[in-house]
$ cat structure_2.txt   # compact mmCIF, N, CA and C atoms
# COMPACT_ATOMS: atom_id res chain seq x y z
N THR A 1 0.84 -1.19 0.00
CA THR A 1 0.00 0.00 0.00
C THR A 1 0.88 1.25 0.00
N ALA A 2 0.38 2.27 -0.64
CA ALA A 2 1.13 3.53 -0.71
C ALA A 2 0.81 4.39 0.51
N SER A 3 1.83 4.94 1.09
CA SER A 3 1.60 5.83 2.22
C SER A 3 1.46 7.26 1.71
N SER A 4 0.95 8.14 2.56
CA SER A 4 0.80 9.54 2.16
C SER A 4 2.17 10.18 1.93
N GLU A 5 3.21 9.65 2.54
CA GLU A 5 4.55 10.20 2.34
C GLU A 5 5.08 9.89 0.95
N SER A 6 4.72 8.72 0.39
CA SER A 6 5.22 8.36 -0.93
C SER A 6 4.42 9.03 -2.05
N SER A 7 3.22 9.53 -1.76
CA SER A 7 2.43 10.22 -2.77
C SER A 7 1.85 11.50 -2.17
N PRO A 8 2.69 12.51 -1.96
CA PRO A 8 2.23 13.73 -1.31
C PRO A 8 1.18 14.46 -2.15
N ARG A 9 0.22 15.06 -1.49
CA ARG A 9 -0.82 15.83 -2.17
C ARG A 9 -0.32 17.23 -2.39
N LYS A 10 -0.59 17.77 -3.57
CA LYS A 10 -0.25 19.15 -3.84
C LYS A 10 -1.34 20.02 -3.24
N ARG A 11 -0.93 21.16 -2.72
CA ARG A 11 -1.85 22.02 -2.01
C ARG A 11 -1.89 23.41 -2.63
N ILE A 12 -3.01 24.04 -2.45
CA ILE A 12 -3.14 25.47 -2.73
C ILE A 12 -3.06 26.14 -1.37
N ASP A 13 -2.10 27.01 -1.20
CA ASP A 13 -1.90 27.67 0.10
C ASP A 13 -2.57 29.04 0.10
N PRO A 14 -3.57 29.24 0.97
CA PRO A 14 -4.23 30.55 1.06
C PRO A 14 -3.54 31.46 2.08
N GLN A 15 -3.56 32.74 1.79
CA GLN A 15 -3.05 33.75 2.74
C GLN A 15 -4.03 34.93 2.68
N ARG A 16 -4.59 35.31 3.82
CA ARG A 16 -5.55 36.42 3.85
C ARG A 16 -5.00 37.56 4.67
N THR A 17 -5.12 38.76 4.11
CA THR A 17 -4.75 39.99 4.81
C THR A 17 -5.83 41.02 4.51
N GLY A 18 -6.64 41.36 5.50
CA GLY A 18 -7.71 42.32 5.28
C GLY A 18 -8.63 41.85 4.16
N GLY A 19 -8.84 42.70 3.16
CA GLY A 19 -9.70 42.37 2.03
C GLY A 19 -8.99 41.69 0.89
N LEU A 20 -7.80 41.15 1.14
CA LEU A 20 -7.01 40.51 0.09
C LEU A 20 -6.81 39.03 0.42
N LEU A 21 -7.08 38.16 -0.55
CA LEU A 21 -6.86 36.73 -0.40
C LEU A 21 -5.92 36.30 -1.51
N GLU A 22 -4.80 35.68 -1.13
CA GLU A 22 -3.81 35.23 -2.09
C GLU A 22 -3.77 33.70 -2.06
N LEU A 23 -3.97 33.08 -3.23
CA LEU A 23 -3.90 31.63 -3.38
C LEU A 23 -2.61 31.30 -4.11
N THR A 24 -1.73 30.54 -3.47
CA THR A 24 -0.46 30.15 -4.08
C THR A 24 -0.55 28.69 -4.49
N PHE A 25 -0.26 28.43 -5.77
CA PHE A 25 -0.38 27.10 -6.35
C PHE A 25 0.98 26.41 -6.39
N PRO A 26 0.97 25.07 -6.47
CA PRO A 26 2.23 24.36 -6.66
C PRO A 26 2.95 24.94 -7.89
N GLY A 27 4.22 25.17 -7.77
CA GLY A 27 4.97 25.80 -8.84
C GLY A 27 5.14 27.30 -8.64
N GLY A 28 4.40 27.87 -7.67
CA GLY A 28 4.58 29.26 -7.31
C GLY A 28 3.65 30.27 -7.93
N SER A 29 2.79 29.88 -8.90
CA SER A 29 1.87 30.87 -9.46
C SER A 29 0.82 31.24 -8.42
N LYS A 30 0.20 32.42 -8.60
CA LYS A 30 -0.75 32.92 -7.61
C LYS A 30 -2.01 33.45 -8.28
N ILE A 31 -3.09 33.41 -7.52
CA ILE A 31 -4.30 34.15 -7.83
C ILE A 31 -4.54 35.06 -6.64
N VAL A 32 -4.81 36.33 -6.92
CA VAL A 32 -5.07 37.30 -5.87
C VAL A 32 -6.49 37.80 -6.01
N LEU A 33 -7.26 37.71 -4.93
CA LEU A 33 -8.63 38.22 -4.86
C LEU A 33 -8.62 39.41 -3.92
N ASN A 34 -9.24 40.50 -4.35
CA ASN A 34 -9.18 41.73 -3.59
C ASN A 34 -10.53 42.42 -3.61
N THR A 35 -11.01 42.84 -2.45
CA THR A 35 -12.24 43.63 -2.41
C THR A 35 -11.90 45.09 -2.65
N GLN A 36 -12.78 45.78 -3.35
CA GLN A 36 -12.64 47.21 -3.61
C GLN A 36 -13.92 47.90 -3.15
N PRO A 37 -14.09 48.08 -1.82
CA PRO A 37 -15.34 48.63 -1.29
C PRO A 37 -15.77 49.97 -1.91
N PRO A 38 -14.87 50.94 -2.12
CA PRO A 38 -15.34 52.21 -2.69
C PRO A 38 -15.95 52.06 -4.08
N LEU A 39 -15.49 51.05 -4.83
CA LEU A 39 -15.99 50.82 -6.18
C LEU A 39 -17.10 49.76 -6.21
N HIS A 40 -17.36 49.13 -5.07
CA HIS A 40 -18.33 48.03 -4.98
C HIS A 40 -17.95 46.92 -5.95
N GLU A 41 -16.68 46.54 -5.96
CA GLU A 41 -16.16 45.54 -6.88
C GLU A 41 -15.29 44.51 -6.16
N LEU A 42 -15.17 43.35 -6.80
CA LEU A 42 -14.18 42.33 -6.46
C LEU A 42 -13.21 42.29 -7.61
N TRP A 43 -11.92 42.18 -7.32
CA TRP A 43 -10.90 42.08 -8.36
C TRP A 43 -10.23 40.73 -8.24
N LEU A 44 -9.96 40.12 -9.38
CA LEU A 44 -9.29 38.84 -9.45
C LEU A 44 -8.10 39.00 -10.38
N ALA A 45 -6.91 38.71 -9.88
CA ALA A 45 -5.70 38.75 -10.69
C ALA A 45 -5.16 37.33 -10.80
N ALA A 46 -5.02 36.85 -12.04
CA ALA A 46 -4.53 35.50 -12.30
C ALA A 46 -3.42 35.58 -13.35
N ARG A 47 -2.79 34.45 -13.58
CA ARG A 47 -1.72 34.40 -14.57
C ARG A 47 -2.22 34.88 -15.94
N ALA A 48 -3.47 34.59 -16.28
CA ALA A 48 -4.03 34.95 -17.59
C ALA A 48 -4.45 36.42 -17.68
N GLY A 49 -4.56 37.11 -16.54
CA GLY A 49 -4.96 38.51 -16.59
C GLY A 49 -5.73 38.95 -15.36
N GLY A 50 -6.23 40.18 -15.42
CA GLY A 50 -6.98 40.76 -14.31
C GLY A 50 -8.44 40.94 -14.69
N TYR A 51 -9.32 40.78 -13.70
CA TYR A 51 -10.76 40.86 -13.92
C TYR A 51 -11.40 41.67 -12.80
N HIS A 52 -12.40 42.46 -13.15
CA HIS A 52 -13.18 43.23 -12.18
C HIS A 52 -14.61 42.73 -12.22
N PHE A 53 -15.21 42.56 -11.04
CA PHE A 53 -16.57 42.04 -10.93
C PHE A 53 -17.42 43.01 -10.12
N ARG A 54 -18.67 43.19 -10.56
CA ARG A 54 -19.68 43.97 -9.83
C ARG A 54 -20.89 43.11 -9.59
N TRP A 55 -21.58 43.38 -8.47
CA TRP A 55 -22.81 42.65 -8.16
C TRP A 55 -23.87 43.07 -9.18
N ALA A 56 -24.53 42.08 -9.79
CA ALA A 56 -25.51 42.34 -10.84
C ALA A 56 -26.90 41.81 -10.46
N GLY A 57 -27.22 41.88 -9.18
CA GLY A 57 -28.55 41.47 -8.72
C GLY A 57 -28.67 40.00 -8.38
N ASP A 58 -27.96 39.14 -9.11
CA ASP A 58 -28.04 37.70 -8.84
C ASP A 58 -26.67 37.06 -8.65
N ALA A 59 -25.61 37.77 -9.06
CA ALA A 59 -24.26 37.21 -8.98
C ALA A 59 -23.24 38.32 -9.22
N TRP A 60 -21.99 38.04 -8.88
CA TRP A 60 -20.89 38.93 -9.22
C TRP A 60 -20.53 38.66 -10.67
N ARG A 61 -20.57 39.69 -11.52
CA ARG A 61 -20.34 39.57 -12.96
C ARG A 61 -19.15 40.39 -13.40
N ASP A 62 -18.36 39.82 -14.33
CA ASP A 62 -17.22 40.51 -14.92
C ASP A 62 -17.72 41.76 -15.63
N THR A 63 -17.06 42.87 -15.39
CA THR A 63 -17.51 44.15 -15.98
C THR A 63 -17.26 44.20 -17.48
N ARG A 64 -16.44 43.32 -18.02
CA ARG A 64 -16.17 43.31 -19.47
C ARG A 64 -17.04 42.33 -20.23
N ASP A 65 -17.12 41.08 -19.76
CA ASP A 65 -17.83 40.08 -20.56
C ASP A 65 -19.01 39.42 -19.84
N GLY A 66 -19.30 39.82 -18.61
CA GLY A 66 -20.46 39.29 -17.89
C GLY A 66 -20.27 37.91 -17.27
N ALA A 67 -19.06 37.35 -17.35
CA ALA A 67 -18.81 36.03 -16.76
C ALA A 67 -19.06 36.08 -15.25
N GLU A 68 -19.58 35.00 -14.72
CA GLU A 68 -19.87 34.90 -13.29
C GLU A 68 -18.57 34.65 -12.52
N PHE A 69 -18.45 35.28 -11.36
CA PHE A 69 -17.21 35.26 -10.57
C PHE A 69 -16.70 33.86 -10.27
N PHE A 70 -17.55 32.99 -9.70
CA PHE A 70 -17.07 31.67 -9.28
C PHE A 70 -16.72 30.79 -10.47
N ALA A 71 -17.41 30.97 -11.59
CA ALA A 71 -17.05 30.24 -12.80
C ALA A 71 -15.67 30.69 -13.30
N ARG A 72 -15.42 32.00 -13.28
CA ARG A 72 -14.11 32.51 -13.72
C ARG A 72 -13.01 32.05 -12.75
N LEU A 73 -13.28 32.13 -11.45
CA LEU A 73 -12.29 31.68 -10.46
C LEU A 73 -11.99 30.20 -10.67
N SER A 74 -13.00 29.38 -10.88
CA SER A 74 -12.80 27.95 -11.11
C SER A 74 -11.95 27.71 -12.34
N GLY A 75 -12.22 28.43 -13.42
CA GLY A 75 -11.45 28.26 -14.65
C GLY A 75 -10.00 28.68 -14.50
N GLU A 76 -9.78 29.83 -13.89
CA GLU A 76 -8.41 30.31 -13.71
C GLU A 76 -7.62 29.43 -12.75
N ALA A 77 -8.25 29.00 -11.65
CA ALA A 77 -7.58 28.13 -10.69
C ALA A 77 -7.27 26.78 -11.32
N SER A 78 -8.19 26.25 -12.12
CA SER A 78 -7.95 24.97 -12.80
C SER A 78 -6.75 25.08 -13.73
N ALA A 79 -6.68 26.18 -14.48
CA ALA A 79 -5.56 26.39 -15.40
C ALA A 79 -4.23 26.45 -14.65
N GLN A 80 -4.22 27.11 -13.53
CA GLN A 80 -2.97 27.26 -12.78
C GLN A 80 -2.61 26.02 -11.98
N ALA A 81 -3.61 25.25 -11.56
CA ALA A 81 -3.35 24.02 -10.79
C ALA A 81 -3.03 22.84 -11.69
N GLY A 82 -3.44 22.93 -12.96
CA GLY A 82 -3.22 21.83 -13.87
C GLY A 82 -4.20 20.69 -13.69
N LYS A 83 -5.32 20.97 -12.98
CA LYS A 83 -6.38 19.98 -12.82
C LYS A 83 -7.67 20.72 -12.51
N ALA A 84 -8.79 20.05 -12.73
CA ALA A 84 -10.09 20.69 -12.57
C ALA A 84 -10.36 21.02 -11.10
N LEU A 85 -10.69 22.30 -10.87
CA LEU A 85 -11.09 22.77 -9.54
C LEU A 85 -12.41 23.50 -9.70
N ASP A 86 -13.30 23.34 -8.73
CA ASP A 86 -14.62 23.94 -8.82
C ASP A 86 -14.91 24.71 -7.54
N PHE A 87 -15.07 26.03 -7.68
CA PHE A 87 -15.40 26.88 -6.53
C PHE A 87 -16.88 27.21 -6.50
N ASN A 88 -17.68 26.59 -7.36
CA ASN A 88 -19.12 26.86 -7.42
C ASN A 88 -19.90 26.18 -6.33
N SER A 89 -19.39 25.10 -5.77
CA SER A 89 -20.16 24.32 -4.79
C SER A 89 -19.91 24.80 -3.38
$ encode --input "structure_2.txt" --output "structure tokens"
Amino acid sequence: TASSESSPRKRIDPQRTGGLLELTFPGGSKIVLNTQPPLHELWLAARAGGYHFRWAGDAWRDTRDGAEFFARLSGEASAQAGKALDFNS
């Protein structure tokens, strides 16, 4: 049988400071989530780019293309982790 030592699990390490949440992925890439209270926005910075989200009555939506926040976070995190991750549940 394989022990946990012989097959270590890769982790996403979270770090929170005030309104900022930093997710560090294996390999060192990061996703940064930041609240912007004066603008009533959430900002997401990922390897693929930066996104701004505003509350649209039913969900946080990207101000450029209308993508839903948790769907975008899941997609960006999956790309950086190299495996499917779902933040919708």
$ residues_around --input "structure_2.txt" --residues "Phe53 (chain A)" --least-positions-apart "5" --cutoff "6.5 Å" --atoms "all atoms listed in the file" --output "list in words"
His40, Glu41, Leu42, Trp43, Leu44, Trp60, Arg61, Asp62 and Thr63 of chain A
$ write_last_selection --input "structure_2.txt" --atoms "N, CA and C atoms" --output "mmCIF file, in the frame of the given file"
data_model
loop_
_atom_site.group_PDB
_atom_site.id
_atom_site.type_symbol
_atom_site.label_atom_id
_atom_site.label_comp_id
_atom_site.auth_asym_id
_atom_site.auth_seq_id
_atom_site.Cartn_x
_atom_site.Cartn_y
_atom_site.Cartn_z
ATOM 1 N N HIS A 40 -17.360 49.130 -5.070
ATOM 2 C CA HIS A 40 -18.330 48.030 -4.980
ATOM 3 C C HIS A 40 -17.950 46.920 -5.950
ATOM 4 N N GLU A 41 -16.680 46.540 -5.960
ATOM 5 C CA GLU A 41 -16.160 45.540 -6.880
ATOM 6 C C GLU A 41 -15.290 44.510 -6.160
ATOM 7 N N LEU A 42 -15.170 43.350 -6.800
ATOM 8 C CA LEU A 42 -14.180 42.330 -6.460
ATOM 9 C C LEU A 42 -13.210 42.290 -7.610
ATOM 10 N N TRP A 43 -11.920 42.180 -7.320
ATOM 11 C CA TRP A 43 -10.900 42.080 -8.360
ATOM 12 C C TRP A 43 -10.230 40.730 -8.240
ATOM 13 N N LEU A 44 -9.960 40.120 -9.380
ATOM 14 C CA LEU A 44 -9.290 38.840 -9.450
ATOM 15 C C LEU A 44 -8.100 39.000 -10.380
ATOM 16 N N TRP A 60 -21.990 38.040 -8.880
ATOM 17 C CA TRP A 60 -20.890 38.930 -9.220
ATOM 18 C C TRP A 60 -20.530 38.660 -10.670
ATOM 19 N N ARG A 61 -20.570 39.690 -11.520
ATOM 20 C CA ARG A 61 -20.340 39.570 -12.960
ATOM 21 C C ARG A 61 -19.150 40.390 -13.400
ATOM 22 N N ASP A 62 -18.360 39.820 -14.330
ATOM 23 C CA ASP A 62 -17.220 40.510 -14.920
ATOM 24 C C ASP A 62 -17.720 41.760 -15.630
ATOM 25 N N THR A 63 -17.060 42.870 -15.390
ATOM 26 C CA THR A 63 -17.510 44.150 -15.980
ATOM 27 C C THR A 63 -17.260 44.200 -17.480
#
$ atom_distance --input "structure_2.txt" --atom1 "atom N of Gly57 (chain A)" --atom2 "atom N of Ala77 (chain A)"
23.1 Å
$ atom_distance --input "structure_2.txt" --atom1 "atom C of Pro14 (chain A)" --atom2 "CA of His52 (chain A)"
20.9 Å
$ residues_around --input "structure_2.txt" --residues "region 65-70 of chain A" --least-positions-apart "6" --cutoff "6.5 Å" --atoms "all atoms listed in the file" --output "list in words"
Ala59, Phe87 and Asn88 of chain A
$ select_by_dssp --input "structure_2.txt" --residues "chain A" --states "strand (DSSP E)" --output "count of residues only"
33
$ atom_distance --input "structure_2.txt" --atom1 "atom N of Tyr51 (chain A)" --atom2 "atom N of Lys10 (chain A)"
26.6 Å
$ select_by_dssp --input "structure_2.txt" --residues "chain A" --states "alpha helix (DSSP H)" --output "list in words"
Phe69, Phe70, Ala71, Arg72, Leu73, Ser74, Gly75, Glu76, Ala77, Ser78, Ala79, Gln80 and Ala81 of chain A
$ residues_around --input "structure_2.txt" --residues "Asp86 (chain A)" --least-positions-apart "5" --cutoff "8 Å" --atoms "only N, CA and C atoms" --output "number ranges by chain"
A: 70-71, 73-75, 77-78
$ closest_residue --input "structure_2.txt" --among "A:Arg16, A:Phe25, A:Glu76, A:Leu33" --to "Ala48 (chain A)" --atoms "all atoms listed in the file"
A:Glu76
$ closest_residue --input "structure_2.txt" --among "A:Asp13, A:Gly18, A:Ala81, A:Ala46" --to "Ile31 (chain A)" --atoms "only C-alpha atoms"
A:Ala46
$ closest_residue --input "structure_2.txt" --among "A:Asp58, A:Ala45, A:Leu85, A:Pro38" --to "Leu20 (chain A)" --atoms "only C-alpha atoms"
A:Ala45
$ axis_aligned_box --input "structure_2.txt" --around "region 59-66 of chain A" --padding-each-side "4 Å" --output "lines of an AutoDock Vina configuration file"
center_x = -20.9
center_y = 40.7
center_z = -14.7
size_x = 17.4
size_y = 15.0
size_z = 19.7
$ decode --input "structure_2.txt" --residues "region 21-44 of chain A" --atoms "N, CA, C and O atoms" --output "short mmCIF file (atom, residue, chain, number, x, y, z; two decimals), in the first residue's frame"
data_model
loop_
_atom_site.label_atom_id
_atom_site.label_comp_id
_atom_site.auth_asym_id
_atom_site.auth_seq_id
_atom_site.Cartn_x
_atom_site.Cartn_y
_atom_site.Cartn_z
N LEU A 21 -7.08 38.16 -0.55
CA LEU A 21 -6.86 36.73 -0.40
C LEU A 21 -5.92 36.30 -1.51
O LEU A 21 -6.18 36.54 -2.69
N GLU A 22 -4.80 35.68 -1.13
CA GLU A 22 -3.81 35.23 -2.09
C GLU A 22 -3.77 33.70 -2.06
O GLU A 22 -3.61 33.10 -1.01
N LEU A 23 -3.97 33.08 -3.23
CA LEU A 23 -3.90 31.63 -3.38
C LEU A 23 -2.61 31.30 -4.11
O LEU A 23 -2.41 31.74 -5.25
N THR A 24 -1.73 30.54 -3.47
CA THR A 24 -0.46 30.15 -4.08
C THR A 24 -0.55 28.69 -4.49
O THR A 24 -0.87 27.83 -3.68
N PHE A 25 -0.26 28.43 -5.77
CA PHE A 25 -0.38 27.10 -6.35
C PHE A 25 0.98 26.41 -6.39
O PHE A 25 2.02 27.07 -6.38
N PRO A 26 0.97 25.07 -6.47
CA PRO A 26 2.23 24.36 -6.66
C PRO A 26 2.95 24.94 -7.89
O PRO A 26 2.33 25.23 -8.90
N GLY A 27 4.22 25.17 -7.77
CA GLY A 27 4.97 25.80 -8.84
C GLY A 27 5.14 27.30 -8.64
O GLY A 27 5.89 27.94 -9.34
N GLY A 28 4.40 27.87 -7.67
CA GLY A 28 4.58 29.26 -7.31
C GLY A 28 3.65 30.27 -7.93
O GLY A 28 3.67 31.44 -7.55
N SER A 29 2.79 29.88 -8.90
CA SER A 29 1.87 30.87 -9.46
C SER A 29 0.82 31.24 -8.42
O SER A 29 0.57 30.50 -7.47
N LYS A 30 0.20 32.42 -8.60
CA LYS A 30 -0.75 32.92 -7.61
C LYS A 30 -2.01 33.45 -8.28
O LYS A 30 -1.98 33.89 -9.42
N ILE A 31 -3.09 33.41 -7.52
CA ILE A 31 -4.30 34.15 -7.83
C ILE A 31 -4.54 35.06 -6.64
O ILE A 31 -4.46 34.63 -5.49
N VAL A 32 -4.81 36.33 -6.92
CA VAL A 32 -5.07 37.30 -5.87
C VAL A 32 -6.49 37.80 -6.01
O VAL A 32 -6.91 38.24 -7.09
N LEU A 33 -7.26 37.71 -4.93
CA LEU A 33 -8.63 38.22 -4.86
C LEU A 33 -8.62 39.41 -3.92
O LEU A 33 -8.06 39.33 -2.83
N ASN A 34 -9.24 40.50 -4.35
CA ASN A 34 -9.18 41.73 -3.59
C ASN A 34 -10.53 42.42 -3.61
O ASN A 34 -11.14 42.57 -4.68
N THR A 35 -11.01 42.84 -2.45
CA THR A 35 -12.24 43.63 -2.41
C THR A 35 -11.90 45.09 -2.65
O THR A 35 -10.85 45.57 -2.22
N GLN A 36 -12.78 45.78 -3.35
CA GLN A 36 -12.64 47.21 -3.61
C GLN A 36 -13.92 47.90 -3.15
O GLN A 36 -14.78 48.25 -3.97
N PRO A 37 -14.09 48.08 -1.82
CA PRO A 37 -15.34 48.63 -1.29
C PRO A 37 -15.77 49.97 -1.91
O PRO A 37 -16.95 50.14 -2.22
N PRO A 38 -14.87 50.94 -2.12
CA PRO A 38 -15.34 52.21 -2.69
C PRO A 38 -15.95 52.06 -4.08
O PRO A 38 -16.84 52.81 -4.46
N LEU A 39 -15.49 51.05 -4.83
CA LEU A 39 -15.99 50.82 -6.18
C LEU A 39 -17.10 49.76 -6.21
O LEU A 39 -17.67 49.50 -7.27
N HIS A 40 -17.36 49.13 -5.07
CA HIS A 40 -18.33 48.03 -4.98
C HIS A 40 -17.95 46.92 -5.95
O HIS A 40 -18.80 46.42 -6.70
N GLU A 41 -16.68 46.54 -5.96
CA GLU A 41 -16.16 45.54 -6.88
C GLU A 41 -15.29 44.51 -6.16
O GLU A 41 -14.76 44.77 -5.09
N LEU A 42 -15.17 43.35 -6.80
CA LEU A 42 -14.18 42.33 -6.46
C LEU A 42 -13.21 42.29 -7.61
O LEU A 42 -13.62 42.34 -8.78
N TRP A 43 -11.92 42.18 -7.32
CA TRP A 43 -10.90 42.08 -8.36
C TRP A 43 -10.23 40.73 -8.24
O TRP A 43 -9.96 40.24 -7.15
N LEU A 44 -9.96 40.12 -9.38
CA LEU A 44 -9.29 38.84 -9.45
C LEU A 44 -8.10 39.00 -10.38
O LEU A 44 -8.26 39.43 -11.53
#
